[in-house]
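This is final.cif. It holds mmCIF, C-alpha atoms and all ligand atoms.
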data_protein
loop_
_atom_site.label_atom_id
_atom_site.label_comp_id
_atom_site.auth_asym_id
_atom_site.auth_seq_id
_atom_site.Cartn_x
_atom_site.Cartn_y
_atom_site.Cartn_z
CA MET A 1 247.04 111.86 197.16
CA ASP A 2 245.24 113.95 194.56
CA ASN A 3 246.21 114.66 190.99
CA THR A 4 248.21 117.78 191.87
CA ASN A 5 250.30 115.58 194.10
CA LEU A 6 250.77 113.04 191.34
CA GLU A 7 251.92 115.87 189.08
CA ASN A 8 254.38 116.97 191.78
CA ILE A 9 255.75 113.46 192.08
CA ILE A 10 256.16 113.17 188.32
CA SER A 11 258.03 116.48 188.14
CA SER A 12 260.25 115.69 191.17
CA GLU A 13 261.18 112.39 189.62
CA GLU A 14 262.00 114.11 186.38
CA ASN A 15 264.26 116.55 188.25
CA ASP A 16 265.97 114.22 190.69
CA PHE A 17 266.57 110.96 188.87
CA PHE A 18 268.57 109.70 185.92
CA HIS A 19 265.84 108.99 183.40
CA THR A 20 266.17 105.22 183.35
CA TYR A 21 262.59 104.20 184.14
CA LYS A 22 259.28 104.91 182.47
CA ARG A 23 256.88 104.87 185.44
CA LEU A 24 253.16 104.24 185.46
CA PRO A 25 251.17 107.34 186.45
CA ILE A 26 249.57 105.73 189.52
CA ILE A 27 250.60 105.65 193.16
CA ILE A 28 250.48 102.28 194.90
CA GLU A 29 249.69 102.40 198.59
CA ARG A 30 249.75 98.72 199.46
CA GLY A 31 249.42 95.21 198.10
CA GLU A 32 247.40 92.24 199.29
CA GLY A 33 247.63 88.80 197.66
CA CYS A 34 247.57 89.40 193.90
CA TRP A 35 246.08 92.89 194.21
CA LEU A 36 247.57 96.36 194.28
CA TYR A 37 245.66 99.20 195.95
CA THR A 38 246.20 102.77 194.75
CA ASN A 39 245.97 105.99 196.74
CA SER A 40 242.84 106.90 194.78
CA GLY A 41 240.96 103.77 195.87
CA ARG A 42 241.58 101.59 192.81
CA LYS A 43 242.19 97.85 193.15
CA ILE A 44 244.37 96.41 190.37
CA LEU A 45 244.97 92.73 189.61
CA ASP A 46 248.74 92.29 189.32
CA MET A 47 249.47 89.85 186.50
CA PHE A 48 253.09 90.98 186.41
CA GLY A 49 254.16 90.23 190.00
CA GLY A 50 256.80 92.97 190.27
CA LEU A 51 258.47 91.55 187.14
CA ALA A 52 258.36 87.88 188.22
CA VAL A 53 259.57 88.66 191.74
CA ASN A 54 256.53 88.56 194.04
CA VAL A 55 255.89 84.85 193.70
CA LEU A 56 253.94 84.69 197.01
CA GLY A 57 252.05 87.90 196.26
CA TYR A 58 251.81 90.85 198.64
CA ASN A 59 251.55 90.93 202.43
CA HIS A 60 252.20 87.20 202.74
CA HIS A 61 251.77 86.37 206.41
CA ALA A 62 254.51 83.74 206.81
CA MET A 63 256.98 85.82 204.83
CA ASN A 64 256.28 88.94 206.86
CA LYS A 65 256.71 86.95 210.07
CA ALA A 66 260.03 85.43 208.94
CA ILE A 67 261.34 88.85 207.91
CA GLU A 68 260.22 90.45 211.17
CA GLU A 69 261.85 87.73 213.27
CA GLN A 70 265.14 88.08 211.38
CA ILE A 71 265.11 91.88 211.58
CA LYS A 72 264.93 91.62 215.37
CA LYS A 73 268.01 89.37 215.42
CA TYR A 74 270.19 91.24 212.92
CA ILE A 75 269.74 92.64 209.43
CA HIS A 76 273.37 92.31 208.34
CA ILE A 77 276.55 90.91 209.79
CA SER A 78 278.58 90.35 206.57
CA ASN A 79 279.93 87.21 204.99
CA LEU A 80 282.72 87.13 207.54
CA PHE A 81 280.31 85.01 209.60
CA TYR A 82 278.41 81.77 209.22
CA GLN A 83 274.77 82.72 208.83
CA GLU A 84 271.95 80.45 209.89
CA LYS A 85 269.41 81.71 207.34
CA GLN A 86 271.83 81.39 204.41
CA LEU A 87 272.60 77.83 205.47
CA GLU A 88 268.92 76.94 205.85
CA LEU A 89 268.08 78.38 202.43
CA ALA A 90 271.06 76.68 200.78
CA GLU A 91 269.91 73.33 202.25
CA LEU A 92 266.44 73.80 200.77
CA ILE A 93 267.80 74.89 197.38
CA THR A 94 270.31 72.06 197.06
CA GLN A 95 267.68 69.51 198.19
CA MET A 96 265.08 70.77 195.75
CA SER A 97 267.36 71.42 192.79
CA GLY A 98 269.75 68.47 192.97
CA TYR A 99 272.74 70.84 192.66
CA SER A 100 275.59 70.52 195.11
CA LYS A 101 276.82 74.09 195.56
CA VAL A 102 275.31 77.56 196.02
CA PHE A 103 276.75 81.08 195.88
CA PHE A 104 274.47 83.94 196.95
CA CYS A 105 274.50 87.47 195.53
CA ASN A 106 271.90 90.25 195.28
CA SER A 107 270.50 90.36 191.76
CA GLY A 108 270.21 88.66 188.41
CA THR A 109 272.96 90.49 186.61
CA GLU A 110 275.36 89.80 189.49
CA ALA A 111 274.52 86.11 189.34
CA VAL A 112 275.34 86.14 185.62
CA GLU A 113 278.66 87.84 186.40
CA ALA A 114 279.45 85.09 188.91
CA ALA A 115 278.70 82.46 186.25
CA ILE A 116 280.97 84.23 183.73
CA LYS A 117 283.83 84.31 186.24
CA LEU A 118 283.26 80.67 187.14
CA SER A 119 283.46 79.70 183.46
CA ARG A 120 286.63 81.73 182.89
CA LYS A 121 288.36 80.18 185.89
CA PHE A 122 287.20 76.66 184.98
CA PHE A 123 289.01 76.83 181.63
CA LEU A 124 291.97 78.92 182.81
CA GLY A 125 295.07 78.16 180.77
CA THR A 126 293.24 75.88 178.31
CA GLY A 127 292.60 78.39 175.52
CA LYS A 128 288.84 77.89 175.81
CA ARG A 129 287.58 81.46 176.09
CA THR A 130 284.49 81.94 173.95
CA LEU A 131 281.23 82.67 175.70
CA VAL A 132 278.07 82.00 173.70
CA SER A 133 274.57 83.38 174.06
CA PHE A 134 271.61 83.68 171.70
CA SER A 135 269.64 86.21 169.68
CA GLY A 136 266.74 87.66 171.68
CA SER A 137 268.44 86.89 174.98
CA PHE A 138 268.54 89.14 178.02
CA HIS A 139 271.08 88.37 180.74
CA GLY A 140 271.42 91.69 182.55
CA ARG A 141 272.96 95.14 182.28
CA THR A 142 276.36 95.10 184.00
CA MET A 143 279.24 94.99 181.52
CA GLY A 144 279.84 91.23 181.62
CA ALA A 145 276.19 90.27 181.59
CA LEU A 146 275.49 92.95 178.99
CA SER A 147 278.10 91.36 176.75
CA LEU A 148 275.91 88.25 176.74
CA THR A 149 272.63 90.15 176.33
CA ALA A 150 272.15 89.96 172.59
CA ARG A 151 269.37 92.47 172.14
CA LYS A 152 270.88 95.49 170.43
CA LYS A 153 268.75 98.11 172.13
CA TYR A 154 270.35 97.28 175.48
CA ARG A 155 273.98 97.13 174.36
CA ASP A 156 274.54 99.40 171.39
CA GLN A 157 275.48 102.52 173.38
CA PHE A 158 277.90 100.78 175.72
CA GLU A 159 280.47 99.10 173.56
CA PRO A 160 283.23 97.96 173.75
CA LEU A 161 282.01 95.06 175.85
CA LEU A 162 283.73 91.77 176.73
CA PRO A 163 285.74 90.21 173.91
CA ASP A 164 285.29 86.56 172.85
CA VAL A 165 281.49 86.57 173.05
CA LYS A 166 279.37 85.13 170.22
CA HIS A 167 275.64 85.62 169.80
CA LEU A 168 274.20 82.70 167.86
CA GLU A 169 270.71 82.42 166.42
CA PHE A 170 268.27 81.11 169.01
CA ASN A 171 266.66 77.81 168.04
CA SER A 172 268.93 77.32 165.03
CA VAL A 173 270.68 73.95 165.13
CA GLU A 174 272.68 75.03 162.10
CA SER A 175 274.01 78.09 163.91
CA LEU A 176 275.08 75.92 166.86
CA GLU A 177 276.83 73.38 164.66
CA LYS A 178 278.59 76.05 162.65
CA ASN A 179 279.85 78.18 165.52
CA ILE A 180 280.47 75.98 168.52
CA ASP A 181 283.92 74.44 168.64
CA GLU A 182 286.89 73.55 170.84
CA ASN A 183 287.28 77.25 171.83
CA THR A 184 283.80 77.42 173.36
CA ALA A 185 284.00 77.82 177.14
CA ALA A 186 280.36 78.32 178.12
CA VAL A 187 276.92 78.60 176.58
CA PHE A 188 274.42 80.83 178.35
CA ILE A 189 270.81 79.99 177.61
CA GLU A 190 267.32 80.98 178.72
CA CYS A 191 265.30 77.86 177.95
CA ILE A 192 262.28 80.14 177.81
CA GLN A 193 263.42 83.61 176.82
CA GLY A 194 261.65 86.25 178.91
CA GLU A 195 262.39 89.76 177.62
CA GLY A 196 262.79 88.24 174.15
CA GLY A 197 259.03 87.56 174.03
CA VAL A 198 258.42 84.41 176.11
CA ASN A 199 260.13 82.24 173.51
CA PRO A 200 260.66 78.58 174.42
CA ALA A 201 263.64 76.69 173.04
CA LYS A 202 262.92 73.92 170.53
CA GLN A 203 263.66 70.43 171.78
CA GLU A 204 265.92 69.66 168.79
CA PHE A 205 267.94 72.77 169.60
CA ILE A 206 268.52 71.64 173.20
CA ASP A 207 269.32 68.09 172.03
CA SER A 208 271.89 69.43 169.61
CA LEU A 209 273.43 71.63 172.33
CA LEU A 210 273.75 68.58 174.59
CA LYS A 211 275.47 66.57 171.85
CA LEU A 212 277.90 69.41 171.26
CA ARG A 213 278.68 69.61 174.99
CA GLU A 214 279.56 65.93 174.93
CA LYS A 215 281.87 66.55 172.00
CA TYR A 216 283.59 69.76 173.15
CA GLY A 217 283.19 69.79 176.94
CA PHE A 218 282.03 73.41 177.36
CA LEU A 219 279.85 74.45 180.30
CA ILE A 220 276.14 75.17 179.98
CA ALA A 221 274.81 77.96 182.18
CA ALA A 222 271.01 78.14 182.32
CA ASP A 223 269.71 81.63 183.01
CA GLU A 224 266.65 80.82 185.13
CA ILE A 225 266.32 84.30 186.56
CA GLN A 226 262.85 84.78 185.11
CA SER A 227 261.76 81.20 184.44
CA GLY A 228 263.12 79.48 187.59
CA VAL A 229 262.02 79.11 191.22
CA GLY A 230 258.99 77.05 190.27
CA ARG A 231 257.40 79.51 187.84
CA THR A 232 256.84 77.01 185.05
CA GLY A 233 255.47 74.28 187.34
CA LYS A 234 258.93 72.72 187.68
CA MET A 235 261.78 74.05 189.78
CA HIS A 236 263.61 75.26 186.64
CA ALA A 237 262.43 75.65 183.06
CA PHE A 238 265.33 73.52 181.74
CA GLU A 239 263.71 70.46 183.35
CA HIS A 240 260.98 70.59 180.69
CA PHE A 241 263.67 70.03 178.05
CA GLY A 242 265.78 67.28 179.64
CA LEU A 243 268.69 69.72 179.93
CA LYS A 244 271.11 69.38 182.84
CA PRO A 245 273.14 72.58 182.94
CA ASP A 246 276.43 72.82 184.83
CA ILE A 247 275.51 76.22 186.26
CA VAL A 248 272.04 77.50 187.18
CA ILE A 249 271.52 81.24 187.49
CA LEU A 250 268.74 82.46 189.81
CA ALA A 251 267.31 85.76 191.07
CA LYS A 252 263.88 87.50 191.02
CA GLY A 253 261.53 85.03 192.77
CA ILE A 254 264.21 83.48 194.97
CA GLY A 255 263.86 86.22 197.64
CA GLY A 256 260.12 86.68 197.11
CA GLY A 257 260.60 90.47 196.86
CA LEU A 258 263.85 91.11 198.70
CA PRO A 259 267.08 91.42 196.69
CA LEU A 260 268.69 88.02 196.32
CA GLY A 261 270.39 86.12 193.52
CA ALA A 262 272.33 82.88 193.34
CA ILE A 263 274.27 80.52 191.17
CA LEU A 264 274.14 76.77 191.64
CA GLY A 265 276.82 74.46 190.37
CA ASN A 266 277.14 70.72 189.71
CA GLU A 267 280.08 68.44 190.54
CA ARG A 268 282.03 69.64 187.50
CA VAL A 269 282.31 73.20 188.78
CA GLN A 270 281.91 72.80 192.52
CA ASP A 271 285.57 73.32 193.42
CA VAL A 272 286.46 76.08 190.95
CA PHE A 273 286.28 79.09 193.28
CA THR A 274 288.63 79.24 196.22
CA PHE A 275 288.70 81.74 199.10
CA GLY A 276 288.55 85.35 198.05
CA GLU A 277 288.14 84.69 194.32
CA HIS A 278 284.55 85.79 194.37
CA GLY A 279 282.34 87.48 196.95
CA SER A 280 279.79 90.12 197.79
CA THR A 281 279.31 92.40 200.81
CA PHE A 282 275.54 92.04 200.84
CA GLY A 283 275.18 88.72 199.01
CA GLY A 284 272.84 86.33 200.84
CA ASN A 285 271.60 89.05 203.18
CA PRO A 286 269.95 87.27 206.15
CA VAL A 287 266.61 89.10 205.84
CA ALA A 288 266.42 88.24 202.13
CA ALA A 289 267.47 84.67 202.95
CA ALA A 290 264.74 84.40 205.62
CA SER A 291 262.23 85.47 202.98
CA GLY A 292 263.71 82.99 200.48
CA ILE A 293 263.26 80.16 202.98
CA VAL A 294 259.53 80.89 203.04
CA VAL A 295 259.43 80.91 199.21
CA TYR A 296 261.13 77.50 198.93
CA SER A 297 259.09 76.02 201.80
CA GLU A 298 255.86 77.08 200.10
CA LEU A 299 257.06 75.63 196.78
CA LYS A 300 257.81 72.37 198.55
CA ASN A 301 254.38 72.37 200.19
CA GLY A 302 252.53 72.32 196.89
CA LEU A 303 252.77 75.85 195.52
CA MET A 304 255.01 74.82 192.63
CA ASN A 305 252.48 72.23 191.48
CA LYS A 306 249.75 74.82 191.85
CA ALA A 307 251.70 77.24 189.62
CA GLY A 308 251.85 74.51 186.98
CA GLU A 309 248.12 73.77 187.26
CA MET A 310 247.07 77.42 187.20
CA GLY A 311 249.35 77.89 184.20
CA GLU A 312 247.66 75.09 182.28
CA LEU A 313 244.26 76.52 183.13
CA ILE A 314 245.03 80.04 181.97
CA ILE A 315 246.80 78.81 178.81
CA SER A 316 243.72 76.77 177.86
CA LYS A 317 241.45 79.78 178.47
CA LEU A 318 243.75 81.95 176.36
CA GLU A 319 243.78 79.35 173.57
CA SER A 320 239.96 79.67 173.45
CA LEU A 321 240.32 83.45 173.21
CA LYS A 322 242.82 82.99 170.39
CA MET A 323 240.15 81.03 168.46
CA LYS A 324 237.73 83.87 169.09
CA PHE A 325 240.16 86.58 167.91
CA PRO A 326 242.35 84.83 165.31
CA GLU A 327 243.04 88.10 163.51
CA LYS A 328 244.37 89.71 166.72
CA ILE A 329 246.12 86.88 168.61
CA LYS A 330 248.92 85.08 166.78
CA SER A 331 250.09 82.59 169.40
CA ILE A 332 250.03 81.70 173.09
CA ARG A 333 253.47 80.73 174.40
CA GLY A 334 255.18 79.70 177.62
CA LYS A 335 254.75 77.27 180.47
CA GLY A 336 253.14 77.46 183.89
CA LEU A 337 252.83 81.07 184.99
CA MET A 338 255.27 82.46 182.43
CA ILE A 339 253.01 83.25 179.51
CA GLY A 340 253.29 85.31 176.35
CA ILE A 341 250.32 86.30 174.22
CA GLU A 342 251.72 87.21 170.81
CA LEU A 343 249.54 89.78 169.09
CA THR A 344 249.40 90.56 165.39
CA LYS A 345 250.20 94.23 166.10
CA PRO A 346 252.08 96.27 168.75
CA GLY A 347 250.69 95.61 172.23
CA GLN A 348 251.28 98.79 174.24
CA THR A 349 247.68 100.01 173.66
CA MET A 350 246.43 96.68 174.96
CA VAL A 351 248.51 97.19 178.14
CA GLU A 352 246.92 100.61 178.62
CA MET A 353 243.41 99.32 177.92
CA LEU A 354 243.90 96.58 180.50
CA MET A 355 245.23 99.07 183.04
CA ASN A 356 242.04 101.08 182.54
CA LYS A 357 240.19 97.88 183.41
CA ASP A 358 242.28 97.42 186.59
CA VAL A 359 244.61 94.72 185.27
CA LEU A 360 248.40 95.12 185.19
CA VAL A 361 250.29 93.30 182.41
CA ASN A 362 253.42 94.13 180.44
CA CYS A 363 254.31 94.13 176.77
CA THR A 364 257.69 92.84 175.67
CA ASN A 365 259.33 92.59 172.26
CA GLU A 366 256.75 95.02 170.79
CA ASN A 367 253.81 92.66 170.43
CA VAL A 368 253.93 90.11 173.23
CA ILE A 369 251.70 90.61 176.27
CA ARG A 370 253.60 88.99 179.10
CA LEU A 371 252.00 87.48 182.19
CA LEU A 372 254.12 86.69 185.27
CA PRO A 373 251.57 86.61 188.12
CA PRO A 374 252.18 85.50 191.72
CA TYR A 375 251.84 81.72 192.12
CA ILE A 376 249.10 82.16 194.72
CA ILE A 377 246.69 83.36 192.03
CA SER A 378 243.24 81.75 192.31
CA GLU A 379 240.92 80.42 189.63
CA LYS A 380 238.54 83.29 190.37
CA GLU A 381 241.31 85.82 189.77
CA LEU A 382 242.29 84.10 186.53
CA ASP A 383 238.66 84.36 185.43
CA PHE A 384 238.68 88.05 186.30
CA PHE A 385 241.79 88.47 184.13
CA CYS A 386 240.35 86.48 181.21
CA ASN A 387 237.07 88.43 181.25
CA LYS A 388 238.92 91.75 181.23
CA PHE A 389 241.31 90.50 178.55
CA GLU A 390 238.39 89.41 176.38
CA GLU A 391 236.68 92.80 176.79
CA ALA A 392 239.90 94.62 175.90
CA MET A 393 240.55 92.31 172.92
CA ALA A 394 237.12 93.13 171.53
CA GLU A 395 238.04 96.85 171.63
CA PHE A 396 241.69 96.42 170.50
C1 LIG B 1 266.53 86.15 182.05
C2 LIG B 1 267.08 87.33 182.80
N1 LIG B 1 268.40 87.38 183.06
C3 LIG B 1 268.93 88.41 183.76
C4 LIG B 1 268.14 89.44 184.23
C5 LIG B 1 268.77 90.55 185.01
O1 LIG B 1 268.32 90.51 186.34
P1 LIG B 1 268.44 91.80 187.30
O2 LIG B 1 267.51 92.83 186.75
O3 LIG B 1 268.03 91.29 188.66
O4 LIG B 1 269.85 92.23 187.28
C6 LIG B 1 266.77 89.43 183.96
C7 LIG B 1 265.91 90.56 184.41
O5 LIG B 1 264.86 90.81 183.87
C8 LIG B 1 266.22 88.34 183.24
O6 LIG B 1 264.92 88.28 182.97
#

Go ahead and render the structure in this file as structure tokens.
Ligand SMILES: Cc1ncc(COP(=O)(O)O)c(C=O)c1O
Amino acid sequence: MDNTNLENIISSEENDFFHTYKRLPIIIERGEGCWLYTNSGRKILDMFGGLAVNVLGYNHHAMNKAIEEQIKKYIHISNLFYQEKQLELAELITQMSGYSKVFFCNSGTEAVEAAIKLSRKFFLGTGKRTLVSFSGSFHGRTMGALSLTARKKYRDQFEPLLPDVKHLEFNSVESLEKNIDENTAAVFIECIQGEGGVNPAKQEFIDSLLKLREKYGFLIAADEIQSGVGRTGKMHAFEHFGLKPDIVILAKGIGGGLPLGAILGNERVQDVFTFGEHGSTFGGNPVAAASGIVVYSELKNGLMNKAGEMGELIISKLESLKMKFPEKIKSIRGKGLMIGIELTKPGQTMVEMLMNKDVLVNCTNENVIRLLPPYIISEKELDFFCNKFEEAMAEF
């Protein structure tokens, strides 16, 4: 496709779509491993993994095979039926997470909605109604999830949202102690905030939250949509903090690229939903579940540990770059392959400079370069990234 064609595509998009996405002006033809290939012959290292989704990279042989086999059997039969692939995936997830129950849906925001409903039903008739989330959080864009999303730019135009929601200051023990009480039903937390700038929780903050749960009995729902499914070198980011949430919220990497989300629940909440109280036509689609089985099998076979090791390696390389450019890099944050490079000034130019050097990254919260690469990334590819990052930093 030549440039005239690209111009045509841009103008068609402008005409035909609601203007919700700012697209990159390149056309991707295919992906292979951690690389994207454009129609003009460019090869781009994908350090963003389809926004934390493509955990096994592109054109993964076992995943393709599992999807193909399932497609030949059936692509959808509805949740009226028992489904072998859902069952197999649920077995793997419960085994590997230690949680006793799973509900499948199609996306992150839907999984958050399921967790909100579960919390409401759990405390039905008790007067406990308040849902809590934190400054800088992102939990999705449907009206319930959006009520929890604290960042103003996402919610301002859509009020009124759900009542009885409080946004407390992230990492402030004082804010927790002042605002959590006997009316608190559930606390929604990203132990490492993603959109908020790859911000990890402080241990004292989590410890205080746990003490308050003991005192007041509210539920804790960990939003692991971005940080879960092995990304940080553990199954879920909350494991780094000794937190045991009652509800775990998953999406993105769980289907390895096909739409899938889930909530997991512990013994406290396992019997809350009864028939018909929650559901989804497409939730747990068998093709997506077949793909998810490959994701969890690979994690079990060592990929999760590899993500942790590769994460440590890249973080140490980035720490050296921080020493080299102390006036440009403020901090390196995150765990495993969920990494934020906080710059001392806005980072969008850095994203563009890296794209010109055939590296795809993203900038979140104005000045944080965010890396969410596939877990299959090799040391050689990390070196490629670091060299390009260093070159770009010198020019930035
Ligand atoms: C932490 C977190 N929660 C919720 C969501 C919403 O997920 P989805 O876009 O699949 O609805 C996202 C998406 O970026 C996320 O990062």

*asked:* Ranking A:Ala90, A:Ile192, A:Ile180, A:Val272 by minimum distance to ligand LIG 1 (chain B) and counting all atoms listed in the file, which one comes first?
replied: A:Ile192

Check which residues of chain A sit at most 8 Å from ligand LIG 1 (chain B) using all atoms listed in the file, and return one row each with the closest pair of atoms and their distance in Å to one decimal, ordered by chain and rising number, as CSV.
residue,atom,partner,partner_atom,distance
A:Leu51,CA,B:LIG1,O5,7.2
A:Asn106,CA,B:LIG1,O3,7.7
A:Ser107,CA,B:LIG1,O3,4.1
A:Gly108,CA,B:LIG1,O1,3.4
A:Thr109,CA,B:LIG1,O4,3.6
A:Glu110,CA,B:LIG1,O4,6.4
A:Ala111,CA,B:LIG1,O4,8.0
A:Val112,CA,B:LIG1,C3,7.0
A:Ser137,CA,B:LIG1,C1,7.4
A:Phe138,CA,B:LIG1,C2,5.3
A:His139,CA,B:LIG1,N1,3.7
A:Gly140,CA,B:LIG1,C5,3.8
A:Arg141,CA,B:LIG1,O4,6.6
A:Thr142,CA,B:LIG1,O4,7.8
A:Ala145,CA,B:LIG1,C3,7.8
A:Glu190,CA,B:LIG1,C1,6.2
A:Gln193,CA,B:LIG1,C1,6.6
A:Gly194,CA,B:LIG1,O6,5.6
A:Glu195,CA,B:LIG1,O6,6.1
A:Asp223,CA,B:LIG1,C1,5.6
A:Glu224,CA,B:LIG1,C1,6.2
A:Ile225,CA,B:LIG1,C1,4.9
A:Gln226,CA,B:LIG1,O6,4.6
A:Ser227,CA,B:LIG1,C1,7.3
A:Ala251,CA,B:LIG1,O3,6.1
A:Lys252,CA,B:LIG1,O3,6.1
A:Gly261,CA,B:LIG1,O3,7.5

*Between CA of Tyr99 (chain A) and CA of Leu131 (chain A), measure the distance and give it in Å to one decimal.*
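Separating CA of Tyr99 (chain A) from CA of Leu131 (chain A) is a distance of 22.4 Å.
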
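Between CA of Asn356 (chain A) and CA of Gly50 (chain A) there is a distance of 18.5 Å.
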
*Go ahead and compute the interatomic distance for CA of His61 (chain A) and CA of Leu313 (chain A), in Å to one decimal.*
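Taking CA of His61 (chain A) as the start and CA of Leu313 (chain A) as the end point, the length is 26.4 Å.
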
Would you be able to write out as a CSV table (one decimal) with C-alpha atoms, keeping the file's coordinate frame which residues have an atom within 12 Å of (276.1, 94.2, 171.5) in the file's coordinates, counting all atoms listed in the file?
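Result file follows (result-v1.csv):
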chain,number,residue,atom,x,y,z
A,133,SER,CA,274.6,83.4,174.1
A,134,PHE,CA,271.6,83.7,171.7
A,135,SER,CA,269.6,86.2,169.7
A,136,GLY,CA,266.7,87.7,171.7
A,137,SER,CA,268.4,86.9,175.0
A,138,PHE,CA,268.5,89.1,178.0
A,141,ARG,CA,273.0,95.1,182.3
A,143,MET,CA,279.2,95.0,181.5
A,144,GLY,CA,279.8,91.2,181.6
A,145,ALA,CA,276.2,90.3,181.6
A,146,LEU,CA,275.5,93.0,179.0
A,147,SER,CA,278.1,91.4,176.8
A,148,LEU,CA,275.9,88.2,176.7
A,149,THR,CA,272.6,90.2,176.3
A,150,ALA,CA,272.2,90.0,172.6
A,151,ARG,CA,269.4,92.5,172.1
A,152,LYS,CA,270.9,95.5,170.4
A,153,LYS,CA,268.8,98.1,172.1
A,154,TYR,CA,270.4,97.3,175.5
A,155,ARG,CA,274.0,97.1,174.4
A,156,ASP,CA,274.5,99.4,171.4
A,157,GLN,CA,275.5,102.5,173.4
A,158,PHE,CA,277.9,100.8,175.7
A,159,GLU,CA,280.5,99.1,173.6
A,160,PRO,CA,283.2,98.0,173.8
A,161,LEU,CA,282.0,95.1,175.8
A,162,LEU,CA,283.7,91.8,176.7
A,163,PRO,CA,285.7,90.2,173.9
A,165,VAL,CA,281.5,86.6,173.0
A,166,LYS,CA,279.4,85.1,170.2
A,167,HIS,CA,275.6,85.6,169.8

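When the distance limit is 12 Å and only C-alpha atoms are what count, the residues near Gly302 (chain A), minus those fewer than 3 positions from it on the same chain, are Gly230, Gly233, Lys234, Met235, Val295, Tyr296, Ser297, Glu298, Leu299, Asn305, Lys306, Ala307, Gly308, Glu309, Tyr375 and Ile376 of chain A.
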
*With all atoms listed in the file as the basis for distance, which of A:Lys335, A:Lys101, A:Lys357, A:Lys202 is at the shortest distance from Gly311 (chain A)?*
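Counting all atoms listed in the file, the residue closest to Gly311 (chain A) is A:Lys335.
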
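Shortest atom-to-atom contact with Cys386 (chain A) among A:Asn15, A:Ile329, A:Leu318, A:Gly292: A:Leu318, counting all atoms listed in the file.
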
_Here's a test: counting only C-alpha atoms, identify every protein, DNA and RNA residue with an atom at most 10 Å from (266.0, 88.8, 195.8) in the file's coordinate frame, and state them as a PyMOL selection string._
chain A and resi 53-54+104-108+250-262+283-285+288-289+291-292

*Pick the closest to Gln70 (chain A) from A:Leu209, A:Val351, A:Leu264, A:Ala290: which is it, counting all atoms listed in the file?*
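Of A:Leu209, A:Val351, A:Leu264, A:Ala290, the one nearest Gln70 (chain A), counting all atoms listed in the file, is A:Ala290.
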
Nearby residues (only C-alpha atoms) at most 12 Å from Met355 (chain A), same-chain spacing under 3 positions excluded, as a JSON list (two decimals) with C-alpha atoms, keeping the file's coordinate frame:
[["chain", "number", "residue", "atom", "x", "y", "z"],
["A", 24, "LEU", "CA", 253.16, 104.24, 185.46],
["A", 25, "PRO", "CA", 251.17, 107.34, 186.45],
["A", 26, "ILE", "CA", 249.57, 105.73, 189.52],
["A", 36, "LEU", "CA", 247.57, 96.36, 194.28],
["A", 42, "ARG", "CA", 241.58, 101.59, 192.81],
["A", 43, "LYS", "CA", 242.19, 97.85, 193.15],
["A", 44, "ILE", "CA", 244.37, 96.41, 190.37],
["A", 45, "LEU", "CA", 244.97, 92.73, 189.61],
["A", 46, "ASP", "CA", 248.74, 92.29, 189.32],
["A", 47, "MET", "CA", 249.47, 89.85, 186.50],
["A", 48, "PHE", "CA", 253.09, 90.98, 186.41],
["A", 348, "GLN", "CA", 251.28, 98.79, 174.24],
["A", 349, "THR", "CA", 247.68, 100.01, 173.66],
["A", 350, "MET", "CA", 246.43, 96.68, 174.96],
["A", 351, "VAL", "CA", 248.51, 97.19, 178.14],
["A", 352, "GLU", "CA", 246.92, 100.61, 178.62],
["A", 358, "ASP", "CA", 242.28, 97.42, 186.59],
["A", 359, "VAL", "CA", 244.61, 94.72, 185.27],
["A", 360, "LEU", "CA", 248.40, 95.12, 185.19],
["A", 361, "VAL", "CA", 250.29, 93.30, 182.41],
["A", 362, "ASN", "CA", 253.42, 94.13, 180.44],
["A", 385, "PHE", "CA", 241.79, 88.47, 184.13],
["A", 388, "LYS", "CA", 238.92, 91.75, 181.23],
["A", 389, "PHE", "CA", 241.31, 90.50, 178.55],
["A", 392, "ALA", "CA", 239.90, 94.62, 175.90]]

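Proximity ranking of A:Ile206, A:Leu243, A:Asn365, A:Ile314 relative to Glu381 (chain A) places A:Ile314 first, based on all atoms listed in the file.
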
*May I have the residues within 10 Å of Glu277 (chain A) as number ranges by chain, using all atoms listed in the file and disregarding those fewer than 2 positions away in the same chain?*
A: 117-118, 121, 272-275, 279

*In terms of the shortest atom-to-atom distance over all atoms listed in the file, which of A:Gly125, A:Pro245, A:Gly334, A:Gly340 is closest to Arg213 (chain A)?*
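Using all atoms listed in the file, the shortest distance to Arg213 (chain A) belongs to A:Pro245.
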
_Contacts of Glu379 (chain A) at 8 Å (only C-alpha atoms; same-chain gap of 3+ positions) as a list in words_ = Met310, Leu382 and Asp383 of chain A

Store the residues picked out above in a file with C-alpha atoms, as a compact mmCIF listing (two decimals), in the frame of the given file.
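Saved as result_18.txt:
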# COMPACT_ATOMS: atom_id res chain seq x y z
CA MET A 310 247.07 77.42 187.20
CA LEU A 382 242.29 84.10 186.53
CA ASP A 383 238.66 84.36 185.43

Take every atom of region 197-201 of chain A listed in the file, pad by 8 Å on each side, and give me the axis-aligned box centre and edge lengths in Å, one decimal, as JSON.
{"center_x": 261.0, "center_y": 82.1, "center_z": 174.6, "size_x": 21.2, "size_y": 26.9, "size_z": 19.1}
